[in-house]
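Novice: structure30.pdb is reproduced below (PDB, C-alpha atoms).
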ATOM      1  CA  MET A   1     -30.284 -32.564 -27.843
ATOM      2  CA  LYS A   2     -27.022 -33.349 -29.605
ATOM      3  CA  GLY A   3     -23.504 -32.675 -28.283
ATOM      4  CA  ALA A   4     -21.994 -29.234 -27.819
ATOM      5  CA  ARG A   5     -21.766 -27.047 -30.902
ATOM      6  CA  LYS A   6     -20.200 -23.738 -31.724
ATOM      7  CA  VAL A   7     -22.577 -20.856 -31.098
ATOM      8  CA  ASP A   8     -23.723 -19.248 -34.345
ATOM      9  CA  PHE A   9     -24.798 -15.781 -33.213
ATOM     10  CA  LYS A  10     -26.414 -15.043 -36.556
ATOM     11  CA  GLN A  11     -28.671 -18.068 -36.171
ATOM     12  CA  MET A  12     -29.439 -17.060 -32.583
ATOM     13  CA  LYS A  13     -30.445 -13.591 -33.799
ATOM     14  CA  TYR A  14     -32.642 -15.083 -36.545
ATOM     15  CA  TYR A  15     -34.267 -17.558 -34.189
ATOM     16  CA  LEU A  16     -34.969 -14.919 -31.559
ATOM     17  CA  MET A  17     -36.757 -12.735 -34.115
ATOM     18  CA  ILE A  18     -38.862 -15.677 -35.311
ATOM     19  CA  ALA A  19     -39.668 -16.717 -31.733
ATOM     20  CA  GLU A  20     -40.755 -13.222 -30.728
ATOM     21  CA  LEU A  21     -42.858 -12.491 -33.834
ATOM     22  CA  LYS A  22     -44.085 -16.076 -34.337
ATOM     23  CA  SER A  23     -44.202 -15.311 -38.015
ATOM     24  CA  MET A  24     -41.643 -16.289 -40.631
ATOM     25  CA  THR A  25     -42.864 -13.576 -42.995
ATOM     26  CA  GLN A  26     -42.648 -10.763 -40.443
ATOM     27  CA  ALA A  27     -39.282 -12.002 -39.145
ATOM     28  CA  ALA A  28     -37.840 -12.080 -42.661
ATOM     29  CA  ALA A  29     -39.036  -8.526 -43.268
ATOM     30  CA  GLU A  30     -37.531  -7.266 -40.003
ATOM     31  CA  LEU A  31     -34.213  -8.997 -40.712
ATOM     32  CA  HIS A  32     -34.165  -7.939 -44.378
ATOM     33  CA  VAL A  33     -33.607 -11.483 -45.619
ATOM     34  CA  ALA A  34     -35.592 -13.748 -47.935
ATOM     35  CA  GLN A  35     -38.178 -15.947 -46.228
ATOM     36  CA  PRO A  36     -36.904 -19.213 -47.795
ATOM     37  CA  TYR A  37     -33.398 -18.429 -46.524
ATOM     38  CA  LEU A  38     -34.733 -17.774 -43.014
ATOM     39  CA  SER A  39     -36.701 -21.052 -43.099
ATOM     40  CA  ARG A  40     -33.548 -22.931 -44.039
ATOM     41  CA  GLN A  41     -31.652 -21.334 -41.163
ATOM     42  CA  LEU A  42     -34.318 -22.401 -38.694
ATOM     43  CA  LYS A  43     -34.401 -25.952 -40.102
ATOM     44  CA  GLN A  44     -30.617 -26.159 -39.931
ATOM     45  CA  LEU A  45     -30.648 -24.992 -36.292
ATOM     46  CA  GLU A  46     -33.273 -27.581 -35.347
ATOM     47  CA  ASP A  47     -31.331 -30.336 -37.133
ATOM     48  CA  GLU A  48     -28.076 -29.418 -35.409
ATOM     49  CA  LEU A  49     -29.724 -29.258 -31.978
ATOM     50  CA  GLY A  50     -31.826 -32.338 -32.584
ATOM     51  CA  VAL A  51     -35.021 -30.728 -31.293
ATOM     52  CA  THR A  52     -38.147 -29.089 -32.654
ATOM     53  CA  LEU A  53     -38.253 -25.428 -31.724
ATOM     54  CA  LEU A  54     -41.551 -24.327 -33.278
ATOM     55  CA  LYS A  55     -44.813 -26.065 -34.137
ATOM     56  CA  ARG A  56     -46.122 -24.763 -37.428
ATOM     57  CA  THR A  57     -49.738 -24.779 -38.501
ATOM     58  CA  THR A  58     -51.419 -23.179 -41.470
ATOM     59  CA  ARG A  59     -52.434 -20.259 -39.250
ATOM     60  CA  ASP A  60     -49.636 -19.642 -36.713
ATOM     61  CA  MET A  61     -46.434 -20.813 -35.000
ATOM     62  CA  GLN A  62     -46.029 -21.870 -31.382
ATOM     63  CA  LEU A  63     -42.842 -22.399 -29.404
ATOM     64  CA  THR A  64     -42.177 -25.869 -28.051
ATOM     65  CA  ALA A  65     -40.769 -26.341 -24.545
ATOM     66  CA  ALA A  66     -37.287 -26.556 -26.089
ATOM     67  CA  GLY A  67     -38.071 -23.470 -28.158
ATOM     68  CA  ARG A  68     -38.932 -21.446 -25.054
ATOM     69  CA  VAL A  69     -35.681 -22.504 -23.372
ATOM     70  CA  LEU A  70     -33.659 -21.523 -26.426
ATOM     71  CA  GLN A  71     -35.501 -18.179 -26.654
ATOM     72  CA  GLN A  72     -34.323 -17.302 -23.126
ATOM     73  CA  ARG A  73     -30.795 -18.546 -23.776
ATOM     74  CA  ALA A  74     -30.618 -16.680 -27.089
ATOM     75  CA  HIS A  75     -31.509 -13.447 -25.248
ATOM     76  CA  GLU A  76     -28.740 -14.118 -22.722
ATOM     77  CA  LEU A  77     -26.156 -15.094 -25.331
ATOM     78  CA  LEU A  78     -26.751 -12.060 -27.517
ATOM     79  CA  GLU A  79     -26.739  -9.718 -24.532
ATOM     80  CA  LEU A  80     -23.497 -11.304 -23.257
ATOM     81  CA  ARG A  81     -21.950 -10.940 -26.708
ATOM     82  CA  GLN A  82     -22.819  -7.235 -26.835
ATOM     83  CA  GLN A  83     -21.502  -6.679 -23.320
ATOM     84  CA  SER A  84     -18.284  -8.511 -24.194
ATOM     85  CA  LEU A  85     -17.797  -6.405 -27.304
ATOM     86  CA  ARG A  86     -18.345  -3.210 -25.299
ATOM     87  CA  GLU A  87     -15.825  -4.330 -22.674
ATOM     88  CA  LEU A  88     -13.238  -5.348 -25.270
ATOM     89  CA  THR A  89     -13.632  -1.987 -26.970
ATOM     90  CA  ALA A  90     -13.265  -0.225 -23.606
ATOM     91  CA  VAL A  91     -10.094  -2.183 -22.823
ATOM     92  CA  ALA A  92      -8.683  -1.445 -26.295
ATOM     93  CA  ASN A  93      -9.401   2.266 -25.741
ATOM     94  CA  GLY A  94      -7.862   2.306 -22.269
ATOM     95  CA  MET A  95     -11.238   2.889 -20.580
ATOM     96  CA  LEU A  96     -11.368  -0.377 -18.606
ATOM     97  CA  GLY A  97      -8.868  -2.585 -16.781
ATOM     98  CA  THR A  98      -6.341  -2.264 -13.959
ATOM     99  CA  LEU A  99      -3.606   0.363 -13.645
ATOM    100  CA  LYS A 100      -0.710  -1.052 -11.610
ATOM    101  CA  ILE A 101       1.650   1.381  -9.860
ATOM    102  CA  GLY A 102       4.686   0.661  -7.706
ATOM    103  CA  VAL A 103       5.489   3.173  -4.948
ATOM    104  CA  MET A 104       8.438   3.236  -2.572
ATOM    105  CA  ALA A 105       7.189   2.949   0.998
ATOM    106  CA  SER A 106       9.356   5.953   1.960
ATOM    107  CA  ILE A 107       7.403   8.227  -0.380
ATOM    108  CA  ASN A 108       4.313  10.108   0.731
ATOM    109  CA  ASN A 109       4.116  12.452  -2.228
ATOM    110  CA  GLY A 110       0.895  14.461  -2.147
ATOM    111  CA  LEU A 111       0.866  14.512  -5.933
ATOM    112  CA  LEU A 112      -0.102  10.853  -6.372
ATOM    113  CA  PRO A 113      -3.550  11.084  -4.703
ATOM    114  CA  THR A 114      -4.272  14.199  -6.774
ATOM    115  CA  TRP A 115      -3.293  12.426  -9.988
ATOM    116  CA  LEU A 116      -5.373   9.367  -9.134
ATOM    117  CA  ALA A 117      -8.423  11.507  -8.368
ATOM    118  CA  GLN A 118      -8.144  13.190 -11.768
ATOM    119  CA  TYR A 119      -7.506   9.864 -13.486
ATOM    120  CA  HIS A 120     -10.532   8.300 -11.803
ATOM    121  CA  HIS A 121     -12.659  11.212 -12.995
ATOM    122  CA  ASN A 122     -11.559  10.549 -16.586
ATOM    123  CA  TYR A 123     -11.601   6.739 -16.380
ATOM    124  CA  PRO A 124     -14.062   5.784 -13.631
ATOM    125  CA  LYS A 125     -14.133   2.076 -14.525
ATOM    126  CA  VAL A 126     -10.373   1.587 -14.299
ATOM    127  CA  GLN A 127      -9.199  -0.126 -11.111
ATOM    128  CA  VAL A 128      -5.920   0.939  -9.494
ATOM    129  CA  LEU A 129      -3.491  -1.440  -7.803
ATOM    130  CA  ILE A 130      -0.686   0.133  -5.744
ATOM    131  CA  GLU A 131       2.315  -1.979  -4.683
ATOM    132  CA  GLU A 132       4.643  -0.652  -1.962
ATOM    133  CA  GLN A 133       8.154  -1.936  -2.686
ATOM    134  CA  SER A 134      11.792  -0.881  -2.696
ATOM    135  CA  GLY A 135      13.131   1.080  -5.658
ATOM    136  CA  SER A 136      15.064  -1.918  -7.035
ATOM    137  CA  LYS A 137      12.025  -4.166  -6.690
ATOM    138  CA  ILE A 138       9.853  -1.620  -8.516
ATOM    139  CA  ARG A 139      12.307  -1.496 -11.416
ATOM    140  CA  GLN A 140      12.315  -5.281 -11.588
ATOM    141  CA  MET A 141       8.513  -5.474 -11.529
ATOM    142  CA  ILE A 142       8.274  -2.979 -14.405
ATOM    143  CA  GLN A 143      10.734  -5.052 -16.441
ATOM    144  CA  GLN A 144       8.675  -8.168 -15.726
ATOM    145  CA  GLN A 145       5.459  -6.284 -16.655
ATOM    146  CA  ARG A 146       3.976  -6.980 -13.229
ATOM    147  CA  ILE A 147       3.317  -3.243 -12.822
ATOM    148  CA  ASP A 148       2.968  -0.423 -15.348
ATOM    149  CA  LEU A 149       5.056   2.312 -13.731
ATOM    150  CA  GLY A 150       6.755   3.300 -10.507
ATOM    151  CA  LEU A 151       7.215   6.266  -8.164
ATOM    152  CA  ILE A 152      10.698   6.095  -6.676
ATOM    153  CA  ARG A 153      13.573   8.083  -5.159
ATOM    154  CA  THR A 154      16.502   8.274  -7.535
ATOM    155  CA  THR A 155      19.614  10.423  -7.880
ATOM    156  CA  SER A 156      20.481   9.462 -11.463
ATOM    157  CA  ARG A 157      19.017   8.566 -14.826
ATOM    158  CA  LEU A 158      18.095   4.896 -14.994
ATOM    159  CA  LYS A 159      19.249   2.965 -18.049
ATOM    160  CA  GLY A 160      16.384   1.367 -19.941
ATOM    161  CA  PHE A 161      13.721   3.518 -18.306
ATOM    162  CA  GLN A 162      11.995   6.720 -19.210
ATOM    163  CA  GLN A 163      11.434   8.973 -16.219
ATOM    164  CA  LEU A 164       9.630  12.129 -15.268
ATOM    165  CA  GLU A 165      11.421  14.200 -12.636
ATOM    166  CA  LEU A 166       9.316  15.489  -9.755
ATOM    167  CA  PRO A 167      10.237  18.160  -7.189
ATOM    168  CA  SER A 168      13.166  17.145  -4.992
ATOM    169  CA  VAL A 169      12.183  16.511  -1.394
ATOM    170  CA  PRO A 170      14.533  17.712   1.396
ATOM    171  CA  LEU A 171      14.790  16.183   4.832
ATOM    172  CA  VAL A 172      13.410  18.222   7.702
ATOM    173  CA  MET A 173      14.215  18.184  11.391
ATOM    174  CA  MET A 174      11.205  17.834  13.672
ATOM    175  CA  SER A 175      11.163  18.170  17.447
ATOM    176  CA  ARG A 176       9.126  19.563  20.331
ATOM    177  CA  GLU A 177      12.048  21.878  21.082
ATOM    178  CA  LEU A 178      14.357  22.584  18.180
ATOM    179  CA  HIS A 179      17.309  24.855  19.002
ATOM    180  CA  VAL A 180      19.941  25.310  16.318
ATOM    181  CA  SER A 181      22.710  27.853  16.859
ATOM    182  CA  ALA A 182      23.691  30.402  14.215
ATOM    183  CA  GLU A 183      27.049  28.636  13.871
ATOM    184  CA  ARG A 184      25.377  25.332  13.134
ATOM    185  CA  LYS A 185      22.939  26.911  10.720
ATOM    186  CA  ALA A 186      25.956  28.053   8.685
ATOM    187  CA  SER A 187      26.963  24.394   8.267
ATOM    188  CA  PRO A 188      23.637  22.556   8.174
ATOM    189  CA  ILE A 189      25.008  19.103   8.930
ATOM    190  CA  LEU A 190      26.318  20.428  12.268
ATOM    191  CA  ALA A 191      22.698  20.965  13.255
ATOM    192  CA  LEU A 192      22.599  17.214  13.885
ATOM    193  CA  LYS A 193      25.420  17.274  16.435
ATOM    194  CA  ASP A 194      24.323  16.156  19.908
ATOM    195  CA  GLN A 195      20.766  15.646  18.703
ATOM    196  CA  PRO A 196      18.984  12.419  19.712
ATOM    197  CA  LEU A 197      18.033  11.402  16.167
ATOM    198  CA  LEU A 198      15.014   9.434  15.019
ATOM    199  CA  VAL A 199      15.680   8.231  11.472
ATOM    200  CA  HIS A 200      14.451   5.868   8.783
ATOM    201  CA  HIS A 201      16.833   2.983   8.011
ATOM    202  CA  TYR A 202      17.016   4.281   4.427
ATOM    203  CA  HIS A 203      18.878   7.428   5.560
ATOM    204  CA  VAL A 204      21.250   5.955   8.165
ATOM    205  CA  ALA A 205      24.317   5.310   5.975
ATOM    206  CA  VAL A 206      24.382   8.718   4.283
ATOM    207  CA  ILE A 207      23.780  10.565   7.583
ATOM    208  CA  GLU A 208      26.631   8.629   9.224
ATOM    209  CA  LYS A 209      29.031   9.527   6.392
ATOM    210  CA  LEU A 210      28.091  13.219   6.397
ATOM    211  CA  CYS A 211      28.466  13.477  10.172
ATOM    212  CA  HIS A 212      31.817  11.661  10.167
ATOM    213  CA  ASP A 213      33.070  13.977   7.412
ATOM    214  CA  ALA A 214      32.004  16.920   9.593
ATOM    215  CA  GLY A 215      34.017  15.540  12.546
ATOM    216  CA  PHE A 216      31.406  14.003  14.844
ATOM    217  CA  ASN A 217      29.404  10.823  15.333
ATOM    218  CA  PRO A 218      25.607  11.014  15.057
ATOM    219  CA  HIS A 219      23.521   9.898  18.006
ATOM    220  CA  PHE A 220      20.811   7.620  16.650
ATOM    221  CA  LEU A 221      18.146   7.238  19.285
ATOM    222  CA  ALA A 222      15.911   5.132  17.021
ATOM    223  CA  GLN A 223      16.144   3.614  13.559
ATOM    224  CA  VAL A 224      12.827   2.449  12.124
ATOM    225  CA  ASP A 225      11.183   1.313   8.907
ATOM    226  CA  GLU A 226       7.753   2.852   9.425
ATOM    227  CA  PRO A 227       7.401   6.602   8.696
ATOM    228  CA  LEU A 228       4.447   6.983  11.043
ATOM    229  CA  THR A 229       6.530   5.670  13.941
ATOM    230  CA  LEU A 230       9.084   8.461  13.497
ATOM    231  CA  LEU A 231       6.399  11.116  13.436
ATOM    232  CA  ARG A 232       4.634   9.688  16.487
ATOM    233  CA  LEU A 233       7.881   9.465  18.448
ATOM    234  CA  ALA A 234       8.634  13.091  17.626
ATOM    235  CA  ASN A 235       5.101  14.061  18.649
ATOM    236  CA  GLN A 236       5.734  12.429  22.027
ATOM    237  CA  GLY A 237       8.839  14.573  22.503
ATOM    238  CA  ILE A 238      11.239  11.663  22.045
ATOM    239  CA  GLY A 239      14.165  13.036  20.076
ATOM    240  CA  THR A 240      14.513  14.841  16.772
ATOM    241  CA  ALA A 241      13.001  13.113  13.752
ATOM    242  CA  LEU A 242      14.619  13.401  10.324
ATOM    243  CA  VAL A 243      11.950  12.830   7.719
ATOM    244  CA  PRO A 244      11.352  13.735   4.075
ATOM    245  CA  GLN A 245       9.261  16.865   3.859
ATOM    246  CA  ASP A 246       6.480  15.011   2.071
ATOM    247  CA  TRP A 247       5.843  12.875   5.167
ATOM    248  CA  LEU A 248       4.604  15.796   7.243
ATOM    249  CA  ASP A 249       0.980  15.359   6.227
ATOM    250  CA  LEU A 250       0.812  11.833   7.658
ATOM    251  CA  VAL A 251       0.021  12.995  11.207
ATOM    252  CA  PRO A 252      -0.819  16.351  12.865
ATOM    253  CA  THR A 253       2.439  18.193  13.623
ATOM    254  CA  LYS A 254       1.214  21.502  15.059
ATOM    255  CA  GLN A 255       3.073  21.022  18.334
ATOM    256  CA  LEU A 256       6.364  20.301  16.568
ATOM    257  CA  GLN A 257       8.996  22.724  15.360
ATOM    258  CA  VAL A 258      10.128  22.032  11.821
ATOM    259  CA  GLN A 259      13.265  23.136   9.990
ATOM    260  CA  VAL A 260      14.502  22.140   6.548
ATOM    261  CA  LEU A 261      17.900  20.459   6.651
ATOM    262  CA  ALA A 262      19.516  22.139   3.632
ATOM    263  CA  VAL A 263      21.991  19.376   2.802
ATOM    264  CA  PRO A 264      22.075  18.415  -0.901
ATOM    265  CA  GLU A 265      23.123  14.833  -0.129
ATOM    266  CA  LEU A 266      19.965  14.431   1.959
ATOM    267  CA  THR A 267      17.685  15.791  -0.730
ATOM    268  CA  ARG A 268      16.108  12.914  -2.612
ATOM    269  CA  PRO A 269      14.824  13.558  -6.128
ATOM    270  CA  THR A 270      11.606  11.712  -6.884
ATOM    271  CA  ALA A 271      10.671  10.402 -10.302
ATOM    272  CA  VAL A 272       7.974   8.453 -12.115
ATOM    273  CA  ILE A 273       9.616   5.701 -14.181
ATOM    274  CA  TRP A 274       8.347   3.371 -16.898
ATOM    275  CA  GLN A 275       9.433   1.466 -19.979
ATOM    276  CA  PRO A 276       7.667   2.834 -23.085
ATOM    277  CA  SER A 277       7.783  -0.493 -24.935
ATOM    278  CA  LYS A 278       5.909  -2.205 -22.080
ATOM    279  CA  LEU A 279       3.433   0.550 -21.249
ATOM    280  CA  SER A 280      -0.259  -0.363 -21.368
ATOM    281  CA  LEU A 281      -2.764   2.050 -22.871
ATOM    282  CA  LEU A 282      -4.168   2.630 -19.381
ATOM    283  CA  ALA A 283      -0.707   3.641 -18.174
ATOM    284  CA  GLN A 284      -0.116   5.797 -21.258
ATOM    285  CA  HIS A 285      -3.229   7.781 -20.341
ATOM    286  CA  PHE A 286      -1.926   8.157 -16.774
ATOM    287  CA  ILE A 287       1.500   9.356 -17.962
ATOM    288  CA  THR A 288      -0.165  11.847 -20.319
ATOM    289  CA  LEU A 289      -2.214  13.181 -17.409
ATOM    290  CA  ILE A 290       0.723  13.739 -15.066
ATOM    291  CA  GLN A 291       2.890  15.241 -17.803
ATOM    292  CA  SER A 292       0.279  17.971 -18.166
ATOM    293  CA  GLN A 293       0.438  18.920 -14.480
ATOM    294  CA  GLU A 294       2.323  21.665 -12.698
ATOM    295  CA  PHE A 295       4.179  19.984  -9.893
ATOM    296  CA  LYS A 296       3.756  21.537  -6.467
ATOM    297  CA  LEU A 297       4.391  20.035  -3.052
ATOM    298  CA  THR A 298       1.428  20.442  -0.744
ATOM    299  CA  ARG A 299       3.397  22.048   2.107
ATOM    300  CA  THR A 300       6.567  24.099   2.321
ATOM    301  CA  TYR A 301       8.665  24.782   5.435
ATOM    302  CA  VAL A 302      11.546  27.221   5.778
TER     303      VAL A 302
END
What does the file become when written as structure tokens?

Specialist:
Amino acid sequence: MKGARKVDFKQMKYYLMIAELKSMTQAAAELHVAQPYLSRQLKQLEDELGVTLLKRTTRDMQLTAAGRVLQQRAHELLELRQQSLRELTAVANGMLGTLKIGVMASINNGLLPTWLAQYHHNYPKVQVLIEEQSGSKIRQMIQQQRIDLGLIRTTSRLKGFQQLELPSVPLVMMSRELHVSAERKASPILALKDQPLLVHHYHVAVIEKLCHDAGFNPHFLAQVDEPLTLLRLANQGIGTALVPQDWLDLVPTKQLQVQVLAVPELTRPTAVIWQPSKLSLLAQHFITLIQSQEFKLTRTYV
């Protein structure tokens, strides 16, 4: 057999029909081409491959050993071509591929799993990749087209991004025994005075400033990076945890008292962000889906 050649799928289709029917006349009729033309195509294929594919007699045609090998390979090639065309069409239509989402580790928004479940129902062959990163890193990854969109905390409009505002998430106080006087309820930040606080590093600076402005120093018992650690410490009765309300579903909290800390500076708006010019069709479908939703947090505490 001669060196590698470009696959001519039309010739493969013609040869496969001839090989299966073992009749040039019947193959020509099935393919709606003239018999002399089909004979020339077969002869050209044999010349290019440097092998004899069929033995012809006055009564019938028989496949040679090379002909039987090519018959199998022609089946595989044509099937692969059809599968490739179907996949390319699916990708072009946003039905196949990978949706890449960046999420801040401090966000446990119950909306995202709901959205992904609906999206999976509509596009079951699309894979989802979720990256947990900081807000600045997520913005950078979108700009570099390493992810399609991001779910972040933000207090302002971001230049160069389109964003969809989600419900703001307040901080809540969580403790085995939570006693807040009427006086301190009138000035919510005073509710933190003398409390052994369990906080995420993300909230330390703003809590310190608010407490100093109110005339006292906060008592940080623990500062951690992992949301589950805060909730588990609070469950063990170790201090008062300050956590975003959307973290409460991470662990059972029935034995804890919960109170919203109604301080605007500690309320973190959440948004989905993306860059329209860099949005894949898969991501466009996802954005369309979430824009059609009514946004509701899964749990509310007063």

Novice: Rank nothing, just name the residue among A:Leu248, A:Leu31, A:Ala65, A:Leu116 nearest to Leu289 (chain A), using only C-alpha atoms.

Specialist: A:Leu116

Novice: Which residue is closest to Arg68 (chain A)? Choose from A:Tyr15, A:Ser39, A:Val103, A:Ala34 and count only C-alpha atoms.

Specialist: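 When distances to Arg68 (chain A) are compared using only C-alpha atoms, the smallest one comes from A:Tyr15.
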
Novice: Would you compute the distance between CA of Lys55 (chain A) and CA of Glu79 (chain A)? Give it in Å to one decimal.

Specialist: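 Taking CA of Lys55 (chain A) as the start and CA of Glu79 (chain A) as the end point, the length is 26.2 Å.
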
Novice: Which one of A:Gln127, A:Ser23, A:Thr267, A:Gln71 sits closest to Leu99 (chain A) if you count all atoms listed in the file?

Specialist: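 Closest residue, counting all atoms listed in the file: A:Gln127.
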
Novice: Between CA of Leu171 (chain A) and CA of Arg232 (chain A), what is the spacing in Å?

Specialist: 16.8 Å

Novice: May I have the protein, DNA and RNA residues with an atom at most 9 Å from (-3.3, 0.5, -4.9), counting all atoms listed in the file in the file's coordinates, returned as a CSV table (one decimal) with C-alpha atoms, in the coordinates of the input?

Specialist:
chain,number,residue,atom,x,y,z
A,99,LEU,CA,-3.6,0.4,-13.6
A,100,LYS,CA,-0.7,-1.1,-11.6
A,101,ILE,CA,1.6,1.4,-9.9
A,102,GLY,CA,4.7,0.7,-7.7
A,127,GLN,CA,-9.2,-0.1,-11.1
A,128,VAL,CA,-5.9,0.9,-9.5
A,129,LEU,CA,-3.5,-1.4,-7.8
A,130,ILE,CA,-0.7,0.1,-5.7
A,131,GLU,CA,2.3,-2.0,-4.7
A,132,GLU,CA,4.6,-0.7,-2.0

Novice: Quick one: distance from CA of Gln11 (chain A) to CA of Ser84 (chain A) in Å, one decimal?

Specialist: 18.5 Å

Novice: Expand the PyMOL selection byres ((chain A and resi 155-169) around 6) into the explicit residue set it covers here, and present it as a ChimeraX atom specification.

Specialist: /A:154,170,267-275

Novice: Skip Ala241 (chain A) itself and residues of its chain fewer than 3 positions away, then list as a list in words all residues within 9 Å of it, counting all atoms listed in the file.

Specialist: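 Non-adjacent residues within range: Val172, Met173, Met174, Ser175, Pro196, Leu197, Leu198, Val199, His200, Leu230, Leu231, Leu233, Ala234 and Ile238 of chain A.
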
Novice: Store the residues picked out above in a file with C-alpha atoms, as a PDB file, in the frame of the given file.

Specialist:
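Listed below is the output, selection-v1.pdb:
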ATOM      1  CA  VAL A 172      13.410  18.222   7.702  1.00  0.00           C
ATOM      2  CA  MET A 173      14.215  18.184  11.391  1.00  0.00           C
ATOM      3  CA  MET A 174      11.205  17.834  13.672  1.00  0.00           C
ATOM      4  CA  SER A 175      11.163  18.170  17.447  1.00  0.00           C
ATOM      5  CA  PRO A 196      18.984  12.419  19.712  1.00  0.00           C
ATOM      6  CA  LEU A 197      18.033  11.402  16.167  1.00  0.00           C
ATOM      7  CA  LEU A 198      15.014   9.434  15.019  1.00  0.00           C
ATOM      8  CA  VAL A 199      15.680   8.231  11.472  1.00  0.00           C
ATOM      9  CA  HIS A 200      14.451   5.868   8.783  1.00  0.00           C
ATOM     10  CA  LEU A 230       9.084   8.461  13.497  1.00  0.00           C
ATOM     11  CA  LEU A 231       6.399  11.116  13.436  1.00  0.00           C
ATOM     12  CA  LEU A 233       7.881   9.465  18.448  1.00  0.00           C
ATOM     13  CA  ALA A 234       8.634  13.091  17.626  1.00  0.00           C
ATOM     14  CA  ILE A 238      11.239  11.663  22.045  1.00  0.00           C
TER      15      ILE A 238
END

Novice: Compare A:Leu210, A:Phe9, A:Ala19, A:Asp47 by their minimum atom-to-atom distance to Val69 (chain A), counting all atoms listed in the file, and give me the closest one.

Specialist: A:Ala19

Novice: Using all atoms listed in the file, pick whichever of A:Lys278, A:Lys193, A:His285, A:Lys10 has the shortest atom-to-atom distance to Asp148 (chain A).

Specialist: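 Residue with the minimum atom-to-atom distance to Asp148 (chain A): A:Lys278.
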